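Student: Take a look at my_file-v1.csv, CSV, C-alpha atoms:
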```
chain,number,residue,atom,x,y,z
A,124,MET,CA,86.1,111.1,77.2
A,125,PRO,CA,86.5,107.8,79.2
A,126,ILE,CA,87.5,104.7,77.2
A,127,SER,CA,85.3,101.6,77.0
A,128,LYS,CA,84.8,100.0,80.4
A,129,LYS,CA,85.5,96.6,78.9
A,130,ILE,CA,88.7,97.7,77.3
A,131,ALA,CA,89.8,99.5,80.5
A,132,GLU,CA,89.3,96.2,82.3
A,133,GLU,CA,91.2,94.2,79.7
A,134,MET,CA,94.1,96.7,79.8
A,135,LYS,CA,94.4,96.2,83.5
A,136,LYS,CA,94.8,92.5,82.9
A,137,GLY,CA,97.1,93.2,80.0
A,138,SER,CA,99.3,90.8,78.2
A,139,TRP,CA,102.2,89.4,80.1
A,140,ILE,CA,104.3,89.5,76.9
A,141,ARG,CA,103.7,93.2,76.5
A,142,ARG,CA,104.3,93.9,80.2
A,143,MET,CA,107.7,92.2,80.0
A,144,PHE,CA,108.5,94.0,76.8
A,145,GLU,CA,107.8,97.3,78.5
A,146,GLU,CA,109.8,96.2,81.6
A,147,GLY,CA,112.7,95.5,79.3
A,148,ILE,CA,112.6,99.0,77.8
A,149,LYS,CA,112.9,100.4,81.3
A,150,LEU,CA,115.7,98.1,82.3
A,151,LYS,CA,117.7,98.8,79.2
A,152,LYS,CA,117.5,102.5,79.8
A,153,GLN,CA,118.7,102.0,83.4
A,154,PHE,CA,121.4,99.4,82.9
A,155,GLY,CA,122.2,99.5,79.1
A,156,ALA,CA,120.9,97.2,76.5
A,157,ASP,CA,123.9,94.9,76.6
A,158,ASN,CA,123.2,94.2,80.3
A,159,ILE,CA,119.6,93.0,79.9
A,160,PHE,CA,118.8,89.5,78.7
A,161,ASP,CA,115.4,89.7,77.2
A,162,LEU,CA,113.8,86.4,76.3
A,163,SER,CA,110.3,87.7,76.5
A,164,LEU,CA,109.3,88.6,72.9
A,165,GLY,CA,109.2,86.4,69.8
A,166,ASN,CA,110.7,89.2,67.7
A,167,PRO,CA,113.3,87.5,65.5
A,168,GLU,CA,116.7,89.2,65.3
A,169,MET,CA,117.7,87.2,62.2
A,170,GLU,CA,117.6,89.0,58.9
A,171,PRO,CA,115.3,87.8,56.0
A,172,PRO,CA,116.8,85.5,53.4
A,173,GLN,CA,118.7,87.1,50.5
A,174,LYS,CA,116.1,86.1,48.0
A,175,PHE,CA,113.5,88.1,49.9
A,176,THR,CA,115.8,91.2,50.0
A,177,ASP,CA,116.6,90.8,46.3
A,178,ALA,CA,113.0,90.6,45.4
A,179,LEU,CA,112.2,93.7,47.4
A,180,LYS,CA,115.0,95.6,45.7
A,181,LYS,CA,113.9,94.5,42.3
A,182,ILE,CA,110.3,95.7,42.8
A,183,VAL,CA,111.4,99.0,44.3
A,184,ASN,CA,114.0,99.7,41.7
A,185,ASP,CA,111.9,98.5,38.7
A,186,PRO,CA,108.3,99.6,39.7
A,187,VAL,CA,105.3,98.3,37.8
A,188,LYS,CA,102.7,100.9,36.8
A,189,GLY,CA,99.8,100.9,39.2
A,190,MET,CA,101.6,98.7,41.7
A,191,HIS,CA,100.4,100.8,44.7
A,192,ARG,CA,96.7,100.7,43.8
A,193,TYR,CA,93.9,98.7,45.3
A,194,MET,CA,93.6,95.1,44.2
A,195,PRO,CA,90.9,92.4,44.7
A,196,ASN,CA,90.0,92.0,48.4
A,197,SER,CA,91.4,88.5,48.3
A,198,GLY,CA,94.7,89.7,47.0
A,199,TYR,CA,96.7,89.4,43.7
A,200,PRO,CA,95.8,86.2,41.8
A,201,GLU,CA,99.5,85.5,41.1
A,202,THR,CA,100.3,85.7,44.8
A,203,ARG,CA,97.4,83.5,45.8
A,204,THR,CA,98.5,81.0,43.2
A,205,THR,CA,102.0,81.0,44.5
A,206,VAL,CA,100.7,80.2,48.0
A,207,ALA,CA,98.4,77.5,46.8
A,208,ASN,CA,101.3,75.8,44.9
A,209,ILE,CA,103.5,75.8,48.0
A,210,ILE,CA,100.8,74.2,50.1
A,211,ASN,CA,100.2,71.6,47.4
A,212,ARG,CA,103.7,70.2,47.9
A,213,GLU,CA,102.4,68.6,51.1
A,214,SER,CA,98.7,68.4,50.5
A,215,LYS,CA,96.9,65.4,49.0
A,216,VAL,CA,94.2,67.8,47.8
A,217,LYS,CA,95.2,70.4,45.3
A,218,LEU,CA,94.5,74.1,46.1
A,219,VAL,CA,94.2,76.8,43.5
A,220,CYS,CA,94.1,80.6,43.6
A,221,GLY,CA,90.4,80.6,44.5
A,222,ASP,CA,91.2,78.7,47.8
A,223,VAL,CA,93.4,81.5,49.1
A,224,VAL,CA,92.9,85.0,50.6
A,225,MET,CA,95.9,87.2,51.4
A,226,THR,CA,95.8,88.9,54.8
A,227,CYS,CA,97.5,91.2,57.2
A,228,GLY,CA,99.4,88.5,59.0
A,229,ALA,CA,98.0,85.4,60.8
A,230,ALA,CA,96.3,87.6,63.4
A,231,GLY,CA,94.3,89.3,60.7
A,232,ALA,CA,93.6,85.9,59.1
A,233,LEU,CA,92.2,84.4,62.3
A,234,ASN,CA,90.0,87.4,63.0
A,235,VAL,CA,88.6,87.3,59.4
A,236,VAL,CA,87.9,83.6,59.7
A,237,LEU,CA,86.1,84.0,63.1
A,238,LYS,CA,84.0,86.9,61.9
A,239,ALA,CA,83.1,85.3,58.6
A,240,LEU,CA,82.2,81.8,59.7
A,241,LEU,CA,80.9,81.9,63.3
A,242,ASN,CA,77.9,83.3,65.0
A,243,VAL,CA,77.8,85.3,68.3
A,244,GLY,CA,77.5,82.9,71.2
A,245,GLU,CA,79.0,79.9,69.5
A,246,GLU,CA,81.9,78.0,71.1
A,247,VAL,CA,85.5,77.6,70.0
A,248,ILE,CA,88.0,75.2,71.6
A,249,ILE,CA,91.6,76.1,72.1
A,250,PHE,CA,94.3,73.9,73.7
A,251,SER,CA,96.3,75.1,76.7
A,252,PRO,CA,99.0,76.4,76.8
A,253,PHE,CA,97.7,78.8,74.1
A,254,PHE,CA,98.8,82.0,72.4
A,255,VAL,CA,97.3,84.6,74.7
A,256,GLU,CA,95.7,86.7,71.9
A,257,TYR,CA,93.3,83.9,71.0
A,258,VAL,CA,91.1,84.8,74.0
A,259,TYR,CA,90.8,88.4,72.7
A,260,TYR,CA,90.2,87.3,69.1
A,261,LEU,CA,87.3,85.2,70.2
A,262,ASP,CA,85.9,88.0,72.4
A,263,ASN,CA,86.2,90.4,69.4
A,264,HIS,CA,83.4,88.4,67.7
A,265,GLY,CA,81.2,87.5,70.7
A,266,LEU,CA,82.4,83.9,70.7
A,267,LYS,CA,82.7,81.6,73.7
A,268,CYS,CA,86.1,80.1,74.6
A,269,ARG,CA,86.5,76.6,75.9
A,270,VAL,CA,90.0,75.6,77.0
A,271,VAL,CA,91.2,72.0,76.9
A,272,GLU,CA,94.4,71.0,78.5
A,273,THR,CA,97.2,69.2,76.6
A,274,ASP,CA,99.0,66.2,78.0
A,275,ALA,CA,102.2,66.2,79.9
A,276,ASP,CA,104.2,66.6,76.6
A,277,PHE,CA,102.0,69.5,75.5
A,278,MET,CA,100.4,67.3,72.8
A,279,PRO,CA,96.6,67.2,72.2
A,280,ASP,CA,94.7,65.1,74.7
A,281,VAL,CA,92.1,63.7,72.3
A,282,ALA,CA,90.1,62.1,75.1
A,283,ALA,CA,89.7,65.4,76.9
A,284,LEU,CA,88.9,67.1,73.5
A,285,GLU,CA,86.1,64.6,72.8
A,286,LYS,CA,84.6,65.2,76.3
A,287,SER,CA,84.7,69.0,75.8
A,288,ILE,CA,82.8,69.1,72.5
A,289,SER,CA,79.2,70.1,72.7
A,290,ALA,CA,76.4,70.9,70.3
A,291,ASN,CA,77.5,74.5,70.5
A,292,THR,CA,81.1,73.8,69.5
A,293,LYS,CA,81.7,75.2,66.1
A,294,ALA,CA,85.5,75.3,65.8
A,295,LEU,CA,88.8,74.1,67.2
A,296,ILE,CA,92.0,76.3,66.8
A,297,ILE,CA,95.3,74.4,66.9
A,298,ASN,CA,98.7,76.0,66.7
A,299,SER,CA,101.6,73.9,65.3
A,300,PRO,CA,104.5,74.5,65.7
A,301,ASN,CA,103.2,75.8,69.0
A,302,ASN,CA,103.6,79.1,70.8
A,303,PRO,CA,104.6,78.9,73.7
A,304,THR,CA,105.7,75.2,73.9
A,305,GLY,CA,107.4,74.5,70.7
A,306,ALA,CA,105.3,71.3,70.3
A,307,VAL,CA,104.8,70.0,66.8
A,308,TYR,CA,101.6,68.2,65.8
A,309,GLU,CA,102.5,65.6,63.2
A,310,ASP,CA,100.2,63.7,60.9
A,311,ARG,CA,99.2,61.1,63.5
A,312,HIS,CA,98.1,63.9,65.9
A,313,ILE,CA,96.2,65.7,63.2
A,314,ASN,CA,94.5,62.5,62.2
A,315,GLN,CA,93.4,61.8,65.8
A,316,ILE,CA,92.0,65.3,66.1
A,317,ALA,CA,90.2,64.8,62.8
A,318,GLN,CA,88.6,61.5,63.9
A,319,VAL,CA,87.2,63.2,67.0
A,320,LEU,CA,85.8,66.2,65.2
A,321,GLY,CA,84.3,63.9,62.6
A,322,LYS,CA,82.7,61.7,65.2
A,323,LYS,CA,81.3,64.6,67.2
A,324,SER,CA,80.0,66.4,64.1
A,325,ALA,CA,78.0,63.4,63.2
A,326,GLU,CA,76.8,63.0,66.7
A,327,PHE,CA,75.5,66.5,67.0
A,328,GLY,CA,74.5,67.0,63.3
A,329,THR,CA,77.0,69.9,63.0
A,330,GLU,CA,80.1,70.8,61.0
A,331,ILE,CA,83.0,71.6,63.3
A,332,LEU,CA,85.7,73.7,61.7
A,333,LEU,CA,89.4,72.9,62.2
A,334,ILE,CA,91.5,76.0,62.1
A,335,LEU,CA,95.3,75.8,62.0
A,336,ASP,CA,97.3,78.8,63.2
A,337,ASP,CA,100.4,78.2,61.1
A,338,ALA,CA,102.5,81.2,62.2
A,339,TYR,CA,105.7,79.2,62.6
A,340,GLY,CA,105.4,77.2,59.4
A,341,LYS,CA,108.5,75.2,58.6
A,342,ILE,CA,110.5,76.1,61.8
A,343,VAL,CA,110.9,72.5,62.9
A,344,TYR,CA,113.9,70.4,64.2
A,345,ASP,CA,115.1,66.9,64.7
A,346,GLY,CA,113.2,65.5,61.7
A,347,ALA,CA,109.8,66.7,63.0
A,348,HIS,CA,107.2,67.3,60.3
A,349,THR,CA,104.0,69.4,60.8
A,350,GLY,CA,101.0,67.5,59.6
A,351,CYS,CA,98.9,69.1,56.8
A,352,ILE,CA,95.3,69.4,58.0
A,353,PHE,CA,93.9,69.3,54.5
A,354,ASN,CA,95.1,65.6,54.3
A,355,HIS,CA,93.0,64.6,57.2
A,356,TYR,CA,89.8,66.7,57.5
A,357,ALA,CA,87.6,68.3,54.9
A,358,ASN,CA,86.3,71.3,56.9
A,359,SER,CA,89.8,72.8,57.4
A,360,ILE,CA,91.2,76.3,57.2
A,361,VAL,CA,94.8,77.5,57.6
A,362,ALA,CA,95.6,80.9,58.9
A,363,ALA,CA,99.3,81.6,58.2
A,364,SER,CA,102.0,84.2,58.3
A,365,PHE,CA,105.4,84.8,56.7
A,366,SER,CA,106.5,86.8,59.7
A,367,LYS,CA,108.6,84.0,61.3
A,368,THR,CA,109.5,81.8,58.3
A,369,LEU,CA,111.0,84.8,56.4
A,370,SER,CA,111.8,86.8,59.6
A,371,ILE,CA,109.6,89.8,58.6
A,372,PRO,CA,107.2,90.2,61.5
A,373,GLY,CA,106.9,94.0,60.9
A,374,GLU,CA,105.5,93.5,57.4
A,375,ARG,CA,102.3,91.8,58.5
A,376,ILE,CA,101.8,89.6,55.5
A,377,GLY,CA,99.9,86.3,55.7
A,378,TYR,CA,97.0,84.3,54.2
A,379,ILE,CA,94.0,82.2,54.7
A,380,ALA,CA,93.8,78.9,52.8
A,381,VAL,CA,90.5,76.9,52.7
A,382,GLY,CA,90.4,73.2,52.0
A,383,PRO,CA,88.9,72.7,48.5
A,384,GLU,CA,86.6,70.0,50.0
A,385,CYS,CA,85.3,72.3,52.7
A,386,SER,CA,81.5,72.5,52.7
A,387,ASP,CA,80.0,75.7,51.3
A,388,HIS,CA,83.3,76.6,49.8
A,389,ALA,CA,82.2,79.3,47.4
A,390,GLU,CA,80.2,81.1,50.1
A,391,ILE,CA,83.1,80.9,52.5
A,392,MET,CA,85.5,82.5,50.1
A,393,GLY,CA,83.1,85.3,49.4
A,394,ALA,CA,82.6,85.9,53.2
A,395,LEU,CA,86.3,85.9,53.8
A,396,ALA,CA,86.9,88.5,51.1
A,397,PHE,CA,84.0,90.6,52.5
A,398,CYS,CA,85.3,90.5,56.1
A,399,ASN,CA,88.8,91.2,55.0
A,400,ARG,CA,87.5,94.5,53.9
A,401,THR,CA,84.9,95.3,56.5
A,402,LEU,CA,87.1,94.5,59.5
A,403,GLY,CA,89.4,97.2,58.3
A,404,TYR,CA,92.3,95.1,57.0
A,405,VAL,CA,91.1,95.9,53.4
A,406,ASN,CA,94.0,94.2,51.6
A,407,ALA,CA,97.3,92.7,52.5
A,408,PRO,CA,100.0,95.2,51.6
A,409,ALA,CA,100.5,95.4,47.9
A,410,LEU,CA,104.3,95.6,48.0
A,411,MET,CA,104.6,92.6,50.3
A,412,GLN,CA,102.3,90.6,48.1
A,413,ARG,CA,104.5,91.2,45.2
A,414,VAL,CA,107.6,90.2,47.2
A,415,ILE,CA,106.0,87.1,48.5
A,416,THR,CA,105.1,86.0,44.9
A,417,ALA,CA,108.8,86.0,44.2
A,418,ALA,CA,110.2,84.7,47.6
A,419,ALA,CA,107.5,82.6,49.3
A,420,ASP,CA,109.4,79.3,48.6
A,421,VAL,CA,112.4,80.2,50.8
A,422,VAL,CA,112.8,79.9,54.6
A,423,ILE,CA,115.3,81.4,57.0
A,424,ASP,CA,118.2,79.1,58.0
A,425,ILE,CA,116.5,76.8,60.5
A,426,SER,CA,119.8,75.4,61.7
A,427,ILE,CA,120.6,78.8,63.4
A,428,TYR,CA,117.4,78.5,65.5
A,429,GLN,CA,118.2,74.9,66.3
A,430,ASN,CA,121.6,75.8,67.6
A,431,LYS,CA,120.1,78.6,69.7
A,432,ARG,CA,117.5,76.1,71.0
A,433,ASP,CA,120.3,73.7,72.0
A,434,ARG,CA,122.4,76.4,73.6
A,435,LEU,CA,119.5,77.5,75.9
A,436,TYR,CA,118.1,74.1,76.5
A,437,ASN,CA,121.4,72.5,77.5
A,438,GLY,CA,122.2,75.5,79.7
A,439,MET,CA,118.9,75.1,81.5
A,440,ILE,CA,119.2,71.3,81.9
A,441,ALA,CA,122.7,71.8,83.4
A,442,ALA,CA,121.2,74.4,85.8
A,443,GLY,CA,118.6,71.9,87.0
A,444,TYR,CA,115.4,73.1,85.2
A,445,GLU,CA,112.7,70.7,84.1
A,446,LEU,CA,111.6,71.1,80.5
A,447,HIS,CA,110.8,69.4,77.3
A,448,LYS,CA,113.0,69.9,74.2
A,449,PRO,CA,110.8,71.7,71.7
A,450,LYS,CA,110.6,70.4,68.1
A,451,GLY,CA,109.5,73.6,66.5
A,452,ALA,CA,109.0,77.4,66.7
A,453,PHE,CA,111.6,79.3,68.9
A,454,TYR,CA,110.4,79.0,72.5
A,455,LEU,CA,111.2,76.9,75.6
A,456,PHE,CA,108.4,76.4,78.1
A,457,PRO,CA,110.1,75.1,81.3
A,458,LYS,CA,108.5,74.5,84.7
A,459,THR,CA,109.3,77.3,87.2
A,460,PRO,CA,111.3,76.0,90.2
A,461,ILE,CA,108.4,77.3,92.4
A,462,LYS,CA,104.7,77.1,91.7
A,463,ASP,CA,104.2,80.8,91.5
A,464,ASP,CA,105.4,81.5,88.0
A,465,VAL,CA,104.8,85.2,88.3
A,466,LEU,CA,106.9,85.5,91.4
A,467,PHE,CA,109.7,83.5,89.8
A,468,THR,CA,109.8,85.7,86.7
A,469,GLN,CA,110.0,88.7,89.0
A,470,ARG,CA,113.0,87.0,90.6
A,471,LEU,CA,114.5,86.7,87.2
A,472,ILE,CA,114.1,90.4,86.6
A,473,GLN,CA,116.5,90.9,89.6
A,474,GLU,CA,119.0,89.0,87.5
A,475,ARG,CA,118.1,91.2,84.5
A,476,VAL,CA,116.5,88.2,82.7
A,477,LEU,CA,113.1,88.7,81.2
A,478,ALA,CA,110.7,85.7,80.7
A,479,VAL,CA,106.9,85.5,80.4
A,480,PRO,CA,104.9,83.7,83.1
A,481,GLY,CA,103.1,80.6,82.0
A,482,SER,CA,99.9,82.0,83.5
A,483,GLY,CA,99.7,84.4,80.5
A,484,PHE,CA,99.4,81.3,78.3
A,485,GLY,CA,96.9,79.4,80.4
A,486,ARG,CA,99.4,77.2,82.2
A,487,PRO,CA,100.6,78.4,85.6
A,488,GLY,CA,103.8,77.0,87.0
A,489,TYR,CA,105.7,77.5,83.7
A,490,MET,CA,107.4,80.3,81.9
A,491,ARG,CA,108.1,81.1,78.2
A,492,LEU,CA,111.6,81.9,77.0
A,493,SER,CA,112.2,83.1,73.4
A,494,TYR,CA,115.5,82.2,71.9
A,495,CYS,CA,115.2,84.1,68.6
A,496,VAL,CA,117.8,86.5,70.0
A,497,GLU,CA,121.6,86.9,69.7
A,498,ASP,CA,123.7,84.2,71.3
A,499,LYS,CA,125.2,86.7,73.8
A,500,VAL,CA,121.7,87.3,75.1
A,501,ILE,CA,121.1,83.6,75.6
A,502,ASP,CA,124.5,83.2,77.3
A,503,GLY,CA,123.8,86.1,79.7
A,504,ALA,CA,120.3,84.7,80.4
A,505,ILE,CA,121.7,81.3,81.3
A,506,GLU,CA,123.9,82.8,83.9
A,507,GLY,CA,120.9,84.6,85.5
A,508,LEU,CA,118.8,81.5,85.2
A,509,LYS,CA,121.4,79.5,87.1
A,510,ARG,CA,121.6,82.0,89.9
A,511,SER,CA,117.8,82.1,90.2
A,512,ILE,CA,117.4,78.4,90.7
A,513,SER,CA,120.2,78.0,93.2
```
Give the structure from this file in structure tokens form.

Tutor:
Amino acid sequence: MPISKKIAEEMKKGSWIRRMFEEGIKLKKQFGADNIFDLSLGNPEMEPPQKFTDALKKIVNDPVKGMHRYMPNSGYPETRTTVANIINRESKVKLVCGDVVMTCGAAGALNVVLKALLNVGEEVIIFSPFFVEYVYYLDNHGLKCRVVETDADFMPDVAALEKSISANTKALIINSPNNPTGAVYEDRHINQIAQVLGKKSAEFGTEILLILDDAYGKIVYDGAHTGCIFNHYANSIVAASFSKTLSIPGERIGYIAVGPECSDHAEIMGALAFCNRTLGYVNAPALMQRVITAAADVVIDISIYQNKRDRLYNGMIAAGYELHKPKGAFYLFPKTPIKDDVLFTQRLIQERVLAVPGSGFGRPGYMRLSYCVEDKVIDGAIEGLKRSIS
């Protein structure tokens, strides 16, 4: 039986991240894993904090009766309360258990939000460069995607945003700390965005939703501070994950948090719980919810990522690359020495260095390098990057 024509077409386009990942598997078989310098995938090599491991061991070794059964679709009340309390440390409004839904990672959270709150044919704005999966998530629910370019520093261009909003615009997705650029939207940036959304909502008589993809949480450097959207805009929702902050991407545990001042709050929470079930995610994993309840307040050692960032950044600057120093996440997004970013990343493959073309993120002429890898991989990559630019 042939597969869906639409999916067949999308598979041909594919994800550049996945293509490079598969290319890495082939090269590692051919030359040995130690001879391939794979900076293509944001798959942290760092182990989770000890508190996470201890909590997991305690739950496994001292099981609670019924701990593997179904729970409310929104998740365990104690886990949701824990998440709300953590958010409240930086929020001027106070969240409670009823403002949170536990999900299968940030990807599951975003899909649940889009399905629950938007109608087919409505428009969602995303900033470029963007996480490539956004385009597919929007298509999943029959939504239109409008891309707005960021400025030269990869920060929101609020003038361009204002011009792009129409009566059909129902949401804006922002990602901070950002994948692929490492840009961090601080309070002043969030406030500027909020002012534009408020103005255009009033102009069109609509309610534009602000959605924060908070996959990289507290992974910030150099005194940067990610702004809390709840402090600036009432109709705000956070879709978050513990994958990167606890270095547990394979566990697929995250949450949705809805601002308590968001309009139609009760209906929204009911719709989120319903879509969490009917989209097939059903519940966030029971075991991980229990672990998160005990360990959500810890974060991996950020200084390790900062040192890796500096190692790769300094090596690339010395080699002659043009790039911004990221303030968050664990990616560099340098310009490619030639305009054809796909061709240049192919050139890097000859040096056994794997990078992702910026075209895959909506910004040709750049490439994404992930530094959540061992230092020896970074060092080997630097040598290949030097040879490729000369």

Student: Counting all atoms listed in the file, what are the residues of stretch 397-504 of chain A within 7 Å of stretch 175-190 of chain A, and for each of them which pair of atoms is the nearest and at what distance in Å, to one decimal? Sort the table by chain and rising number, as a Markdown table.

Tutor:
```
| residue | atom | partner | partner_atom | distance |
| --- | --- | --- | --- | --- |
| A:Val414 | CA | A:Ala178 | CA | 5.7 |
| A:Ala417 | CA | A:Ala178 | CA | 6.3 |
| A:Ala418 | CA | A:Phe175 | CA | 5.3 |
```

Student: In Å, rounded to a single decimal, give me how far atom CA of A:Asp276 is from atom CA of A:Ile505.

Tutor: 23.3 Å

Student: Please provide as an mmCIF file with C-alpha atoms, in the coordinates of the input all residues within 9 Å of A:Phe467, with the sequence filter that same-chain residues fewer than 5 positions apart are discarded (counting all atoms listed in the file).

Tutor:
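Wrote it out as out.cif, contents follow:
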```
data_model
loop_
_atom_site.group_PDB
_atom_site.id
_atom_site.type_symbol
_atom_site.label_atom_id
_atom_site.label_comp_id
_atom_site.auth_asym_id
_atom_site.auth_seq_id
_atom_site.Cartn_x
_atom_site.Cartn_y
_atom_site.Cartn_z
ATOM 1 C CA THR A 459 109.300 77.300 87.200
ATOM 2 C CA PRO A 460 111.300 76.000 90.200
ATOM 3 C CA ILE A 461 108.400 77.300 92.400
ATOM 4 C CA LYS A 462 104.700 77.100 91.700
ATOM 5 C CA ILE A 472 114.100 90.400 86.600
ATOM 6 C CA PRO A 480 104.900 83.700 83.100
ATOM 7 C CA MET A 490 107.400 80.300 81.900
ATOM 8 C CA SER A 511 117.800 82.100 90.200
#
```

Student: Using Å and a single decimal, report how far atom CA of A:Arg375 sits from atom CA of A:Arg400.

Tutor: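 We find that atom CA of A:Arg400 and atom CA of A:Arg375 lie 15.7 Å from each other.
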
Student: Check the smallest atom-to-atom distance from each of A:Tyr494, A:Phe397, A:Tyr259, A:Tyr378 to A:Gly451 using all atoms listed in the file, then report the winner.

Tutor: A:Tyr494

Student: In the coordinates of the file, take the point (88.1, 97.3, 60.0) and a cut-off of 12 Å; then, counting all atoms listed in the file, name each qualifying protein, DNA or RNA residue as a list in words.

Tutor: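 With a cut-off of 12 Å, the residues come to Cys227, Gly231, Asn234, Val235, Lys238, Asn263, Phe397, Cys398, Asn399, Arg400, Thr401, Leu402, Gly403, Tyr404, Val405 and Asn406 of chain A.
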
Student: Using all atoms listed in the file, list the residues that have an atom at most 8 Å from (100.5, 93.4, 54.3), coordinates as in the file, as JSON, numbers by chain.

Tutor: {"A": [226, 227, 228, 374, 375, 376, 377, 406, 407, 408, 409, 410, 411, 412]}

Student: Output C-alpha atoms for every residue in the selection just made, as a tab-separated table (two decimals), in the coordinates of the input.

Tutor:
```tsv
chain	number	residue	atom	x	y	z
A	226	THR	CA	95.80	88.90	54.80
A	227	CYS	CA	97.50	91.20	57.20
A	228	GLY	CA	99.40	88.50	59.00
A	374	GLU	CA	105.50	93.50	57.40
A	375	ARG	CA	102.30	91.80	58.50
A	376	ILE	CA	101.80	89.60	55.50
A	377	GLY	CA	99.90	86.30	55.70
A	406	ASN	CA	94.00	94.20	51.60
A	407	ALA	CA	97.30	92.70	52.50
A	408	PRO	CA	100.00	95.20	51.60
A	409	ALA	CA	100.50	95.40	47.90
A	410	LEU	CA	104.30	95.60	48.00
A	411	MET	CA	104.60	92.60	50.30
A	412	GLN	CA	102.30	90.60	48.10
```

Student: Would you list the contacts of A:Val223 as number ranges by chain, taking every protein, DNA or RNA residue within 10 Å and counting all atoms listed in the file, but skipping same-chain residues closer than 4 positions in sequence?

Tutor: A: 197-198, 200, 202-207, 218-219, 360-361, 378-383, 392, 395-396

Student: Using all atoms listed in the file, can you tell me which of A:Gly443, A:Gly321, A:Ser370, A:Asp310 comes closest to A:Ser214?

Tutor: A:Asp310

Student: Which value, in Å to one decimal, gives the distance between atom CA of A:Leu266 and atom CA of A:Ala290?

Tutor: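 These two atoms are separated by 14.3 Å.
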
Student: Using all atoms listed in the file, which residue out of A:Lys367, A:Arg491, A:Arg142, A:Lys431 lies closest to A:Leu446?

Tutor: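 Looking at the shortest contact to A:Leu446, the residue is A:Arg491.
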
Student: Which residue, A:His447, A:Arg475, A:Lys174, A:Lys322, has the smallest gap to A:Ile148 when you use all atoms listed in the file?

Tutor: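 Closest to A:Ile148 of all the choices is A:Arg475.
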
Student: Would you mind putting back N, CA and C atoms on stretch 175-187 of chain A, then writing it out as a PDB file, in the frame of the given file?

Tutor:
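The file below, out_5.pdb, is the result:
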```pdb
ATOM      1  N   PHE A 175     114.518  87.163  49.537  1.00  0.00           N
ATOM      2  CA  PHE A 175     113.500  88.100  49.900  1.00  0.00           C
ATOM      3  C   PHE A 175     114.015  89.554  49.648  1.00  0.00           C
ATOM      4  N   THR A 176     115.217  89.833  50.122  1.00  0.00           N
ATOM      5  CA  THR A 176     115.800  91.200  50.000  1.00  0.00           C
ATOM      6  C   THR A 176     115.989  91.508  48.482  1.00  0.00           C
ATOM      7  N   ASP A 177     116.451  90.536  47.707  1.00  0.00           N
ATOM      8  CA  ASP A 177     116.600  90.800  46.300  1.00  0.00           C
ATOM      9  C   ASP A 177     115.321  91.064  45.579  1.00  0.00           C
ATOM     10  N   ALA A 178     114.277  90.332  45.955  1.00  0.00           N
ATOM     11  CA  ALA A 178     113.000  90.600  45.400  1.00  0.00           C
ATOM     12  C   ALA A 178     112.419  91.928  45.701  1.00  0.00           C
ATOM     13  N   LEU A 179     112.631  92.326  46.946  1.00  0.00           N
ATOM     14  CA  LEU A 179     112.200  93.700  47.400  1.00  0.00           C
ATOM     15  C   LEU A 179     112.918  94.750  46.613  1.00  0.00           C
ATOM     16  N   LYS A 180     114.227  94.613  46.475  1.00  0.00           N
ATOM     17  CA  LYS A 180     115.000  95.600  45.700  1.00  0.00           C
ATOM     18  C   LYS A 180     114.562  95.695  44.279  1.00  0.00           C
ATOM     19  N   LYS A 181     114.328  94.551  43.674  1.00  0.00           N
ATOM     20  CA  LYS A 181     113.900  94.500  42.300  1.00  0.00           C
ATOM     21  C   LYS A 181     112.601  95.280  42.070  1.00  0.00           C
ATOM     22  N   ILE A 182     111.661  95.034  42.970  1.00  0.00           N
ATOM     23  CA  ILE A 182     110.300  95.700  42.800  1.00  0.00           C
ATOM     24  C   ILE A 182     110.443  97.182  43.067  1.00  0.00           C
ATOM     25  N   VAL A 183     111.251  97.578  44.038  1.00  0.00           N
ATOM     26  CA  VAL A 183     111.400  99.000  44.300  1.00  0.00           C
ATOM     27  C   VAL A 183     112.155  99.719  43.212  1.00  0.00           C
ATOM     28  N   ASN A 184     113.200  99.073  42.686  1.00  0.00           N
ATOM     29  CA  ASN A 184     114.000  99.700  41.700  1.00  0.00           C
ATOM     30  C   ASN A 184     113.437  99.620  40.253  1.00  0.00           C
ATOM     31  N   ASP A 185     112.490  98.702  40.050  1.00  0.00           N
ATOM     32  CA  ASP A 185     111.900  98.500  38.700  1.00  0.00           C
ATOM     33  C   ASP A 185     110.365  98.484  38.914  1.00  0.00           C
ATOM     34  N   PRO A 186     109.753  99.582  39.331  1.00  0.00           N
ATOM     35  CA  PRO A 186     108.300  99.600  39.700  1.00  0.00           C
ATOM     36  C   PRO A 186     107.426  99.298  38.480  1.00  0.00           C
ATOM     37  N   VAL A 187     106.328  98.626  38.782  1.00  0.00           N
ATOM     38  CA  VAL A 187     105.300  98.300  37.800  1.00  0.00           C
ATOM     39  C   VAL A 187     104.231  99.418  37.894  1.00  0.00           C
TER      40      VAL A 187
END
```
